[in-house]
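Dropping my_file21.txt in here (compact mmCIF, C-alpha atoms):
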# COMPACT_ATOMS: atom_id res chain seq x y z
CA LEU X 19 69.80 -1.36 -47.90
CA ASN X 20 72.19 1.38 -46.81
CA TYR X 21 74.05 0.14 -43.75
CA THR X 22 74.40 3.67 -42.37
CA THR X 23 70.64 3.84 -41.73
CA VAL X 24 70.81 1.29 -38.91
CA PRO X 25 72.59 1.86 -35.57
CA ASN X 26 76.36 1.45 -35.59
CA THR X 27 77.43 -1.75 -33.82
CA ASN X 28 81.18 -1.08 -33.81
CA ARG X 29 80.93 0.14 -30.24
CA ILE X 30 79.30 -1.77 -27.40
CA SER X 31 78.55 1.26 -25.26
CA LYS X 32 78.56 5.03 -25.33
CA ARG X 33 80.99 7.06 -23.32
CA LEU X 34 78.42 9.77 -22.67
CA THR X 35 74.74 9.18 -21.95
CA ARG X 36 72.50 11.78 -23.52
CA GLY X 37 69.20 10.59 -22.15
CA LEU X 38 66.85 8.28 -24.02
CA ASP X 39 68.50 6.86 -27.14
CA THR X 40 66.08 6.46 -30.06
CA GLU X 41 68.53 4.95 -32.52
CA TYR X 42 66.84 1.55 -32.14
CA GLN X 43 63.91 2.93 -34.15
CA ARG X 44 66.09 2.89 -37.25
CA TYR X 45 65.62 -0.87 -37.52
CA VAL X 46 61.95 -0.15 -38.28
CA THR X 47 62.15 3.12 -40.22
CA SER X 48 65.01 1.95 -42.48
CA GLY X 49 63.17 -1.16 -43.66
CA PHE X 50 65.70 -3.50 -42.06
CA LEU X 51 63.06 -5.58 -40.25
CA THR X 52 61.06 -5.95 -43.47
CA LEU X 53 64.08 -7.34 -45.26
CA GLN X 54 64.96 -9.52 -42.28
CA ARG X 55 61.42 -10.93 -42.15
CA ALA X 56 61.57 -11.85 -45.85
CA VAL X 57 64.90 -13.64 -45.41
CA ASP X 58 63.76 -15.43 -42.22
CA GLY X 59 60.45 -16.44 -43.81
CA PHE X 60 62.22 -18.02 -46.75
CA ALA X 61 64.76 -19.81 -44.54
CA PHE X 62 62.16 -21.16 -42.07
CA GLY X 63 59.81 -22.18 -44.90
CA LEU X 64 62.59 -24.04 -46.66
CA ALA X 65 63.48 -25.84 -43.42
CA ALA X 66 59.82 -26.81 -42.85
CA ARG X 67 59.57 -28.31 -46.34
CA HIS X 68 62.54 -30.50 -45.51
CA GLY X 69 60.93 -31.91 -42.38
CA ALA X 70 61.84 -29.38 -39.70
CA GLU X 71 59.26 -28.18 -37.21
CA PRO X 72 57.37 -25.19 -38.69
CA LEU X 73 58.07 -22.06 -36.71
CA PRO X 74 57.18 -18.40 -37.32
CA PRO X 75 60.07 -16.14 -38.36
CA PRO X 76 61.63 -14.34 -35.39
CA ALA X 77 60.85 -10.98 -36.99
CA ASP X 78 57.13 -11.70 -36.59
CA VAL X 79 57.38 -11.75 -32.81
CA ALA X 80 60.26 -9.29 -32.33
CA TRP X 81 59.70 -6.07 -30.44
CA LEU X 82 62.01 -3.16 -29.72
CA ALA X 83 62.47 -0.99 -26.66
CA PRO X 84 65.28 1.32 -25.51
CA PHE X 85 67.29 0.76 -22.37
CA PRO X 86 66.22 3.12 -19.58
CA THR X 87 68.51 6.03 -18.83
CA ALA X 88 68.65 8.69 -16.15
CA ALA X 89 66.90 12.01 -16.53
CA TYR X 90 68.93 14.63 -18.34
CA SER X 91 68.81 18.18 -19.63
CA GLN X 92 70.03 19.04 -23.11
CA ASN X 93 71.33 22.42 -24.19
CA PRO X 94 70.73 23.04 -27.91
CA PHE X 95 73.60 25.55 -27.95
CA TYR X 96 76.18 22.84 -27.27
CA LEU X 97 74.71 20.62 -29.96
CA ALA X 98 74.96 23.45 -32.47
CA VAL X 99 78.46 24.59 -31.53
CA GLN X 100 80.16 21.20 -31.17
CA SER X 101 81.26 21.08 -34.81
CA LEU X 102 81.94 24.82 -35.14
CA LEU X 103 84.04 25.36 -32.01
CA PRO X 104 87.29 23.87 -33.47
CA LEU X 105 86.86 25.99 -36.59
CA LEU X 106 86.24 29.19 -34.61
CA LEU X 107 89.22 28.63 -32.32
CA THR X 108 91.41 27.99 -35.36
CA LEU X 109 90.21 31.19 -37.02
CA CYS X 110 91.28 33.08 -33.89
CA GLN X 111 94.89 32.15 -34.69
CA LEU X 112 94.90 33.29 -38.32
CA PHE X 113 95.65 36.97 -37.73
CA PRO X 114 98.49 36.46 -35.18
CA ALA X 115 100.05 33.80 -37.42
CA ALA X 116 99.87 36.05 -40.49
CA LEU X 117 101.27 39.01 -38.55
CA LEU X 118 104.20 36.98 -37.21
CA THR X 119 104.97 35.54 -40.63
CA LYS X 120 104.88 38.97 -42.25
CA SER X 121 107.21 40.43 -39.60
CA VAL X 122 109.80 37.69 -40.06
CA VAL X 123 109.76 38.00 -43.85
CA GLU X 124 109.97 41.80 -43.66
CA GLU X 125 113.13 41.40 -41.61
CA LYS X 126 114.55 39.20 -44.35
CA GLU X 127 113.57 41.73 -47.02
CA THR X 128 115.25 44.67 -45.28
CA ARG X 129 118.22 42.55 -44.10
CA LEU X 130 117.86 43.87 -40.56
CA ALA X 131 119.28 40.66 -39.11
CA GLN X 132 122.56 41.09 -41.02
CA THR X 133 122.78 44.72 -39.99
CA MET X 134 122.27 43.89 -36.30
CA ARG X 135 124.83 41.08 -36.45
CA ILE X 136 127.37 43.49 -37.91
CA MET X 137 126.66 45.74 -34.94
CA GLY X 138 127.41 42.85 -32.56
CA LEU X 139 124.08 41.13 -31.95
CA ARG X 140 124.52 37.46 -31.13
CA HIS X 141 122.56 34.86 -33.08
CA GLY X 142 121.03 33.26 -29.97
CA VAL X 143 119.76 36.60 -28.68
CA HIS X 144 118.23 37.39 -32.07
CA VAL X 145 116.40 34.05 -32.34
CA GLY X 146 115.34 34.23 -28.69
CA SER X 147 113.83 37.67 -29.19
CA TRP X 148 111.61 36.33 -31.96
CA TYR X 149 110.44 33.46 -29.79
CA VAL X 150 109.72 35.76 -26.84
CA THR X 151 107.76 38.13 -29.09
CA ALA X 152 105.76 35.25 -30.58
CA LEU X 153 105.06 33.64 -27.21
CA VAL X 154 103.80 36.90 -25.72
CA GLN X 155 101.60 37.53 -28.74
CA PHE X 156 100.11 34.03 -28.91
CA GLY X 157 100.01 33.71 -25.12
CA ALA X 158 97.66 36.68 -24.89
CA ASN X 159 95.55 35.14 -27.64
CA ALA X 160 95.39 31.81 -25.81
CA LEU X 161 94.42 33.54 -22.56
CA LEU X 162 91.56 35.42 -24.24
CA CYS X 163 90.30 32.26 -25.96
CA ALA X 164 90.45 30.32 -22.69
CA LEU X 165 88.49 33.06 -20.89
CA VAL X 166 85.78 33.01 -23.55
CA CYS X 167 85.59 29.21 -23.58
CA SER X 168 85.31 29.10 -19.79
CA LEU X 169 82.06 31.07 -20.02
CA PHE X 170 80.19 28.22 -21.74
CA LEU X 171 82.35 25.32 -20.50
CA PRO X 172 81.91 25.81 -16.74
CA HIS X 173 82.69 22.18 -15.85
CA THR X 174 86.12 22.23 -17.53
CA PRO X 175 88.96 23.54 -15.34
CA PHE X 176 90.34 26.83 -16.62
CA TRP X 177 93.93 25.60 -16.47
CA VAL X 178 93.07 22.70 -18.78
CA LEU X 179 91.61 25.07 -21.35
CA LEU X 180 94.58 27.41 -21.06
CA LEU X 181 97.12 24.57 -21.34
CA TYR X 182 95.39 23.05 -24.36
CA LEU X 183 95.14 26.36 -26.20
CA SER X 184 98.69 27.34 -25.24
CA LEU X 185 100.11 24.13 -26.69
CA PHE X 186 98.21 24.77 -29.90
CA CYS X 187 99.58 28.31 -30.00
CA LEU X 188 103.11 26.90 -29.76
CA THR X 189 102.47 24.91 -32.90
CA CYS X 190 101.15 28.09 -34.53
CA VAL X 191 104.47 29.78 -33.79
CA ALA X 192 106.41 26.93 -35.39
CA PHE X 193 104.06 26.96 -38.39
CA SER X 194 104.52 30.71 -38.88
CA PHE X 195 108.31 30.36 -38.83
CA LEU X 196 108.07 27.49 -41.32
CA VAL X 197 105.96 29.52 -43.74
CA ALA X 198 108.24 32.53 -43.33
CA ALA X 199 111.22 30.44 -44.39
CA CYS X 200 109.52 29.68 -47.72
CA PHE X 201 108.87 33.30 -48.80
CA SER X 202 110.90 36.39 -49.55
CA ASN X 203 107.93 38.73 -50.07
CA ALA X 204 106.19 39.84 -46.89
CA VAL X 205 102.83 40.64 -48.47
CA LEU X 206 102.67 37.29 -50.25
CA ALA X 207 103.69 35.45 -47.06
CA ALA X 208 101.02 37.27 -45.03
CA ALA X 209 98.39 36.16 -47.56
CA ALA X 210 99.59 32.57 -47.91
CA CYS X 211 99.96 31.80 -44.20
CA PRO X 212 96.25 32.09 -43.23
CA VAL X 213 95.18 30.14 -46.32
CA ALA X 214 97.58 27.29 -45.59
CA PHE X 215 96.71 27.31 -41.89
CA PHE X 216 92.96 27.18 -42.59
CA ALA X 217 93.40 24.43 -45.18
CA LEU X 218 95.12 22.22 -42.60
CA VAL X 219 92.03 22.18 -40.35
CA LEU X 220 89.70 20.96 -43.10
CA PRO X 221 90.81 17.26 -43.05
CA LYS X 222 89.05 16.90 -39.70
CA TYR X 223 85.68 17.38 -41.38
CA LEU X 224 86.36 14.51 -43.78
CA PHE X 225 85.69 12.19 -40.83
CA THR X 226 82.46 13.82 -39.68
CA GLY X 227 80.37 10.70 -40.37
CA THR X 228 82.67 8.31 -38.47
CA ASN X 229 82.91 7.45 -34.80
CA ARG X 230 86.10 7.27 -32.77
CA PHE X 231 86.63 3.58 -33.59
CA GLU X 232 86.56 3.98 -37.39
CA GLN X 233 89.47 4.94 -39.68
CA THR X 234 91.82 5.47 -36.77
CA GLY X 235 94.92 5.14 -38.97
CA ALA X 236 93.74 7.86 -41.33
CA LYS X 237 92.83 10.10 -38.40
CA ILE X 238 96.28 9.68 -36.85
CA ALA X 239 97.92 10.49 -40.18
CA ALA X 240 95.74 13.60 -40.60
CA SER X 241 96.60 14.66 -37.04
CA LEU X 242 100.22 15.21 -38.08
CA ALA X 243 98.90 18.63 -39.08
CA ALA X 244 98.52 20.61 -35.86
CA PRO X 245 95.24 22.36 -36.79
CA THR X 246 93.62 19.02 -37.61
CA ALA X 247 94.83 17.47 -34.35
CA PHE X 248 93.54 20.49 -32.46
CA ALA X 249 90.15 20.22 -34.20
CA PHE X 250 89.85 16.55 -33.22
CA GLY X 251 90.61 17.41 -29.60
CA ALA X 252 88.35 20.41 -29.41

How does the structure come out when it is put into structure tokens?
Amino acid sequence: LNYTTVPNTNRISKRLTRGLDTEYQRYVTSGFLTLQRAVDGFAFGLAARHGAEPLPPPADVAWLAPFPTAAYSQNPFYLAVQSLLPLLLTLCQLFPAALLTKSVVEEKETRLAQTMRIMGLRHGVHVGSWYVTALVQFGANALLCALVCSLFLPHTPFWVLLLYLSLFCLTCVAFSFLVAACFSNAVLAAAACPVAFFALVLPKYLFTGTNRFEQTGAKIAASLAAPTAFAFGA
């Protein structure tokens, strides 16, 4: 008997009620009650042969019914998009991240930073200009993503969406600078950055079949990668 065919008992309640829960039917359709009846019948028969009062197995008189829940409406769009939304929002950051990485590496290739320092540019101003450029670029991206998400997430405050996406964009800036430090060829860096960024979101989908109480240590370790942490939150 595959234990995944019966309802998960690691949690005692559900955070969100989605109307009538039919998971209880798995005890019948999975064959669990058939196996339970065979085990109970053997145990009660063995006890009766040793002088105990003969009783029918509990599975013979058991019946199942769901707990009543309030009326609800279900939107099939949300059910379809719930696993794709983190992936789509991550893909929205690939082009800005690749563009920023390529620009930084191009500056290293042409040695523009050294030339500007010779002309009197201070190091703090140079680094600050890169951060301002990146924040403006990713800030506009976060604003557009938050506006689109607000269209089909009307019950979520807009500032929450914007803050969440903006924090993720900050990690994208740090990731782009990290990748840029590892390359000296701008074209190669621009190609490697999106691949590495997309690969870091895939660990989230390794835990698709688990609930929030299972493998928490592995999930926390995987969340050290910003795209994976963002995918879990989204």

Worksheet item: For Leu188 in chain X, which residue out of X:Thr174, X:Gln54, X:Gln155, X:Thr246 is the nearest one, using all atoms listed in the file?
Response: X:Gln155

Fill in: Selection as number ranges by chain: residues within 10 Å of (100.1, 39.6, -39.4), counting only C-alpha atoms
X: 112-122, 194, 204-205, 207-209, 211-212

Fill in: Ala192 in chain X surroundings by only C-alpha atoms, 10 Å radius, close-in-sequence under 4 positions cut, as a PyMOL selection string
chain X and resi 115+149+152+187-188+196-198

Fill in: range 158-170 of chain X environment, 6 Å, all atoms listed in the file, sequence neighbours closer than 5 positions dropped, as a ChimeraX atom specification
/X:179-180,183-184

Worksheet item: Hey, can you check how far CA of Phe176 in chain X sits from CA of Gly157 in chain X?
Response: 14.6 Å

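Neighbours of Phe248 in chain X closer than or equal to 10 Å, with all atoms listed in the file counted and sequence neighbours fewer than 4 positions away skipped, come out as X:Pro104, X:Leu105, X:Leu107, X:Thr108, X:Tyr182, X:Leu183, X:Leu185, X:Phe186, X:Thr189, X:Val219, X:Lys222, X:Ser241, X:Ala243, X:Ala244, X:Ala252.
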
Item to complete: Between X:Phe201, X:Trp81, X:Phe62, X:Phe156, single out the one closest to Lys126 in chain X, counting all atoms listed in the file.
Response: X:Phe201

Worksheet item: Quick one: residues within 12 Å of Asp58 in chain X, all atoms listed in the file counted, chain neighbours fewer than 4 positions away excluded, as a list of chain:residue names?
Response: X:Leu51, X:Thr52, X:Leu53, X:Gln54, X:Phe62, X:Gly63, X:Leu64, X:Ala65, X:Leu73, X:Pro74, X:Pro75, X:Pro76, X:Ala77, X:Asp78, X:Val79

Writing out the chosen residues with C-alpha atoms as a short mmCIF file (atom, residue, chain, number, x, y, z; two decimals), in the frame of the given file:
data_model
loop_
_atom_site.label_atom_id
_atom_site.label_comp_id
_atom_site.auth_asym_id
_atom_site.auth_seq_id
_atom_site.Cartn_x
_atom_site.Cartn_y
_atom_site.Cartn_z
CA LEU X 51 63.06 -5.58 -40.25
CA THR X 52 61.06 -5.95 -43.47
CA LEU X 53 64.08 -7.34 -45.26
CA GLN X 54 64.96 -9.52 -42.28
CA PHE X 62 62.16 -21.16 -42.07
CA GLY X 63 59.81 -22.18 -44.90
CA LEU X 64 62.59 -24.04 -46.66
CA ALA X 65 63.48 -25.84 -43.42
CA LEU X 73 58.07 -22.06 -36.71
CA PRO X 74 57.18 -18.40 -37.32
CA PRO X 75 60.07 -16.14 -38.36
CA PRO X 76 61.63 -14.34 -35.39
CA ALA X 77 60.85 -10.98 -36.99
CA ASP X 78 57.13 -11.70 -36.59
CA VAL X 79 57.38 -11.75 -32.81
#

Practice prompt. Measure the distance from CA of Trp148 in chain X to CA of Leu130 in chain X in Å and round it to one decimal.
Written response: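 CA of Leu130 in chain X lies at a distance of 13.0 Å from CA of Trp148 in chain X.
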
Discussion item. What does the structure give for the distance between CA of Arg67 in chain X and CA of Val46 in chain X, in Å to one decimal?
Written reply: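 Straight-line distance from CA of Arg67 in chain X to CA of Val46 in chain X works out to 29.4 Å.
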
Worksheet item: Using all atoms listed in the file, which residue out of X:Cys110, X:Ala199, X:Ile238, X:Ala66 lies closest to Glu127 in chain X?
Response: X:Ala199

Worksheet item: From the set X:Ala249, X:Leu82, X:Val178, X:Leu224, which residue has the shortest atom-to-atom contact distance to Leu106 in chain X, counting all atoms listed in the file?
Response: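 Ranking X:Ala249, X:Leu82, X:Val178, X:Leu224 by distance to Leu106 in chain X, first place goes to X:Ala249.
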
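In this comparison, which uses all atoms listed in the file, the residue of X:Pro221, X:Pro25, X:Ser202, X:Glu71 approaching Arg129 in chain X most closely is X:Ser202.
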
Restore all heavy atoms in range 115-126 of chain X and list the result as a short mmCIF file (atom, residue, chain, number, x, y, z; two decimals), in the coordinates of the input.
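This is the output file out.cif:
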data_model
loop_
_atom_site.label_atom_id
_atom_site.label_comp_id
_atom_site.auth_asym_id
_atom_site.auth_seq_id
_atom_site.Cartn_x
_atom_site.Cartn_y
_atom_site.Cartn_z
N ALA X 115 99.10 34.57 -36.61
CA ALA X 115 100.05 33.80 -37.42
C ALA X 115 100.48 34.59 -38.66
O ALA X 115 101.67 34.60 -39.02
CB ALA X 115 99.41 32.47 -37.83
N ALA X 116 99.52 35.24 -39.31
CA ALA X 116 99.87 36.05 -40.49
C ALA X 116 100.75 37.23 -40.11
O ALA X 116 101.70 37.57 -40.85
CB ALA X 116 98.58 36.53 -41.16
N LEU X 117 100.47 37.86 -38.98
CA LEU X 117 101.27 39.01 -38.55
C LEU X 117 102.69 38.60 -38.22
O LEU X 117 103.66 39.29 -38.60
CB LEU X 117 100.60 39.65 -37.33
CG LEU X 117 101.20 40.97 -36.84
CD1 LEU X 117 101.08 42.03 -37.92
CD2 LEU X 117 100.50 41.43 -35.57
N LEU X 118 102.85 37.46 -37.54
CA LEU X 118 104.20 36.98 -37.21
C LEU X 118 104.97 36.61 -38.47
O LEU X 118 106.16 36.94 -38.61
CB LEU X 118 104.10 35.78 -36.27
CG LEU X 118 105.42 35.13 -35.86
CD1 LEU X 118 106.31 36.12 -35.11
CD2 LEU X 118 105.16 33.91 -34.99
N THR X 119 104.31 35.93 -39.39
CA THR X 119 104.97 35.54 -40.63
C THR X 119 105.41 36.77 -41.43
O THR X 119 106.54 36.83 -41.95
CB THR X 119 104.02 34.69 -41.49
OG1 THR X 119 103.60 33.56 -40.73
CG2 THR X 119 104.69 34.21 -42.75
N LYS X 120 104.54 37.75 -41.51
CA LYS X 120 104.88 38.97 -42.25
C LYS X 120 106.07 39.69 -41.61
O LYS X 120 106.96 40.19 -42.31
CB LYS X 120 103.67 39.89 -42.29
CG LYS X 120 103.91 41.17 -43.08
CD LYS X 120 102.68 42.06 -43.07
CE LYS X 120 102.93 43.35 -43.83
NZ LYS X 120 101.76 44.26 -43.80
N SER X 121 106.11 39.74 -40.29
CA SER X 121 107.21 40.43 -39.60
C SER X 121 108.55 39.75 -39.86
O SER X 121 109.57 40.42 -40.11
CB SER X 121 106.93 40.49 -38.10
OG SER X 121 105.72 41.17 -37.84
N VAL X 122 108.55 38.43 -39.84
CA VAL X 122 109.80 37.69 -40.06
C VAL X 122 110.28 37.90 -41.50
O VAL X 122 111.48 38.10 -41.75
CB VAL X 122 109.59 36.19 -39.76
CG1 VAL X 122 110.84 35.40 -40.13
CG2 VAL X 122 109.26 35.99 -38.30
N VAL X 123 109.36 37.84 -42.45
CA VAL X 123 109.76 38.00 -43.85
C VAL X 123 110.18 39.44 -44.13
O VAL X 123 111.11 39.69 -44.92
CB VAL X 123 108.60 37.58 -44.78
CG1 VAL X 123 108.97 37.79 -46.24
CG2 VAL X 123 108.24 36.12 -44.56
N GLU X 124 109.55 40.41 -43.50
CA GLU X 124 109.97 41.80 -43.66
C GLU X 124 111.40 42.00 -43.17
O GLU X 124 112.17 42.78 -43.76
CB GLU X 124 109.02 42.73 -42.90
CG GLU X 124 107.73 43.03 -43.63
CD GLU X 124 106.84 43.98 -42.85
OE1 GLU X 124 107.07 44.14 -41.64
OE2 GLU X 124 105.91 44.56 -43.46
N GLU X 125 111.75 41.31 -42.09
CA GLU X 125 113.13 41.40 -41.61
C GLU X 125 114.10 40.83 -42.63
O GLU X 125 115.20 41.37 -42.82
CB GLU X 125 113.26 40.65 -40.29
CG GLU X 125 114.63 40.79 -39.65
CD GLU X 125 114.79 39.92 -38.42
OE1 GLU X 125 114.89 38.68 -38.60
OE2 GLU X 125 114.80 40.46 -37.32
N LYS X 126 113.69 39.75 -43.31
CA LYS X 126 114.55 39.20 -44.35
C LYS X 126 114.67 40.16 -45.53
O LYS X 126 115.75 40.29 -46.14
CB LYS X 126 114.02 37.85 -44.84
CG LYS X 126 114.12 36.74 -43.82
CD LYS X 126 114.03 35.38 -44.47
CE LYS X 126 112.75 35.21 -45.25
NZ LYS X 126 112.64 33.85 -45.83
#
